Amino acid sequence: LLVLSENAIDGFISHDDGWRNSSKLELLDLSHNDFTEDIPSCLQNLTSLQQVDLSYNSFHGELPWWLSSWTSLQALNLSDNQFTGDIAKSPLVYLQSLRVLKISNNRFQIPLSFKSFANHTKLKAFVADSNQAIIDESEPDVHPFAPGLKLRLLTLSRCSIDASLLNLLQHHHDLRLLQLSHNPLQVTFPAWLLENNPLLDRLLLQNSSLVGPMQLPTRPHTYVRLINLSYNKIQGDIPAN
């Protein structure tokens, strides 16, 4: 393990033999520092990494392709940086051992079809608030969803998701937590999110431009603990069910 979080490190990590001799390192935490460069290429030698946290720095640019050498990686946190690019055309699509992926507060483009992540069968948590959701138009005739993906936690607040992008989430059936707050959905309450995900525990849709009457599924949803619909434009009576 190597934990250097909560410091004021601001330089480019030295390209020396020390990193080559660290090939068995399993955890690297460089979060909450002052890095301002690209992710240093000397880290590509750390092929045994299982957990990496680079959050709360100022790393920038597109993700380097050598990142695909981290094939043992199970948890990756890139949140709160200045990364750019389409994640479907990035080395993330090759990290098929990932269980947790956090990329919030960057400048990524996120195709909500998740077609490029069809082989990420182990991925359970995807946290990507404050990025840009897009429609993948490169293969319009292909099935619009990655059937191998079984997410349990999905958070996409402040990702400019509208009604057409929201419909791409109809193929999720294993969600426990869904966070879509602060998006311009402009739809009535999407009760199908509850119907499609019988184990859904928390549904967060505050300030998402929900309109019209509120209609709930006819069947009781026994697992749900929290539905947040505050700061919307829902009208009419609260349904009896």
# chains A, B, ... in the order shown; residues from 1 in each chain; ligands from 1
call {"tool": "closest_atom_pairs", "arguments": {"of": "stretch 87-195 of chain A", "to": "stretch 214-218 of chain A", "cutoff": "12 Å", "atoms": "only C-alpha atoms", "output": "Markdown table"}}
result
| residue | atom | partner | partner_atom | distance |
| --- | --- | --- | --- | --- |
| A:Val187 | CA | A:Met214 | CA | 10.5 |
| A:Thr188 | CA | A:Met214 | CA | 6.9 |
| A:Phe189 | CA | A:Met214 | CA | 5.7 |
| A:Pro190 | CA | A:Gln215 | CA | 8.3 |
| A:Ala191 | CA | A:Leu216 | CA | 5.6 |
| A:Trp192 | CA | A:Pro217 | CA | 7.6 |
| A:Leu193 | CA | A:Pro217 | CA | 9.6 |
| A:Leu194 | CA | A:Pro217 | CA | 7.4 |
| A:Glu195 | CA | A:Pro217 | CA | 6.6 |
call {"tool": "residues_around", "arguments": {"residues": "stretch 230-233 of chain A", "least_positions_apart": "6", "cutoff": "6 Å", "atoms": "only C-alpha atoms", "output": "mmCIF file with N, CA and C atoms, in the first residue's frame"}}
result
data_model
loop_
_atom_site.group_PDB
_atom_site.id
_atom_site.type_symbol
_atom_site.label_atom_id
_atom_site.label_comp_id
_atom_site.auth_asym_id
_atom_site.auth_seq_id
_atom_site.Cartn_x
_atom_site.Cartn_y
_atom_site.Cartn_z
ATOM 1 N N GLN A 206 -34.546 15.137 -7.142
ATOM 2 C CA GLN A 206 -34.838 16.516 -6.781
ATOM 3 C C GLN A 206 -34.323 17.488 -7.846
ATOM 4 N N ASN A 207 -35.091 18.557 -8.058
ATOM 5 C CA ASN A 207 -34.740 19.614 -9.016
ATOM 6 C C ASN A 207 -34.428 19.034 -10.395
ATOM 7 N N SER A 209 -36.952 18.966 -12.932
ATOM 8 C CA SER A 209 -37.981 19.448 -13.869
ATOM 9 C C SER A 209 -39.075 18.417 -14.111
ATOM 10 N N LEU A 210 -39.441 17.664 -13.063
ATOM 11 C CA LEU A 210 -40.578 16.760 -13.178
ATOM 12 C C LEU A 210 -41.859 17.583 -13.199
ATOM 13 N N VAL A 211 -42.821 17.194 -14.053
ATOM 14 C CA VAL A 211 -44.044 17.981 -14.246
ATOM 15 C C VAL A 211 -45.262 17.081 -14.129
#
call {"tool": "select_by_dssp", "arguments": {"residues": "stretch 10-234 of chain A", "states": "helix (DSSP H, G or I)", "output": "PyMOL selection string"}}
result
chain A and resi 17-20+41-45+65-69+87-89+91-94+115-117+163-171+192-196
call {"tool": "residues_around", "arguments": {"residues": "stretch 42-50 of chain A", "least_positions_apart": "4", "cutoff": "7 Å", "atoms": "only C-alpha atoms", "output": "number ranges by chain"}}
result
A: 15, 19-20, 22-27, 66-67, 69-70, 72-75
call {"tool": "closest_residue", "arguments": {"among": "A:Thr36, A:Ser31, A:Ser208, A:Gln51", "to": "A:Asp162", "atoms": "only C-alpha atoms"}}
result
A:Ser208
call {"tool": "residues_around", "arguments": {"residues": "A:Asn81", "least_positions_apart": "5", "cutoff": "9 Å", "atoms": "only C-alpha atoms", "output": "list in words"}}
result
Leu54, Ser55, Tyr56, Asn57, Ser58, Phe59, His60, Ile103, Ser104, Asn105, Asn106 and Arg107 of chain A
call {"tool": "atom_distance", "arguments": {"atom1": "atom CA of A:Asn228", "atom2": "atom CA of A:Asn241"}}
result
16.7 Å
call {"tool": "select_by_dssp", "arguments": {"residues": "stretch 81-150 of chain A", "states": "strand (DSSP E)", "output": "JSON, numbers by chain"}}
result
{"A": [82, 83, 84, 85, 86, 100, 101, 102, 107, 108, 109, 110, 111, 125, 126, 127, 132, 133, 134]}
call {"tool": "write_last_selection", "arguments": {"atoms": "C-alpha atoms", "output": "CSV table (one decimal), in the first residue's frame"}}
result
chain,number,residue,atom,x,y,z
A,82,GLN,CA,-10.2,18.1,-15.2
A,83,PHE,CA,-10.2,15.0,-17.3
A,84,THR,CA,-11.9,15.2,-20.7
A,85,GLY,CA,-13.0,12.8,-23.5
A,86,ASP,CA,-15.6,10.2,-24.3
A,100,VAL,CA,-16.4,0.6,-8.5
A,101,LEU,CA,-15.8,3.5,-10.9
A,102,LYS,CA,-16.0,7.1,-9.7
A,107,ARG,CA,-15.4,17.0,-18.2
A,108,PHE,CA,-16.1,13.5,-19.5
A,109,GLN,CA,-18.7,12.6,-22.0
A,110,ILE,CA,-20.8,9.6,-20.9
A,111,PRO,CA,-22.8,7.6,-23.5
A,125,ALA,CA,-21.1,1.2,-8.8
A,126,PHE,CA,-20.8,4.0,-11.3
A,127,VAL,CA,-20.6,7.5,-9.9
A,132,GLN,CA,-21.9,15.5,-19.8
A,133,ALA,CA,-24.3,12.6,-20.7
A,134,ILE,CA,-24.6,11.9,-24.5
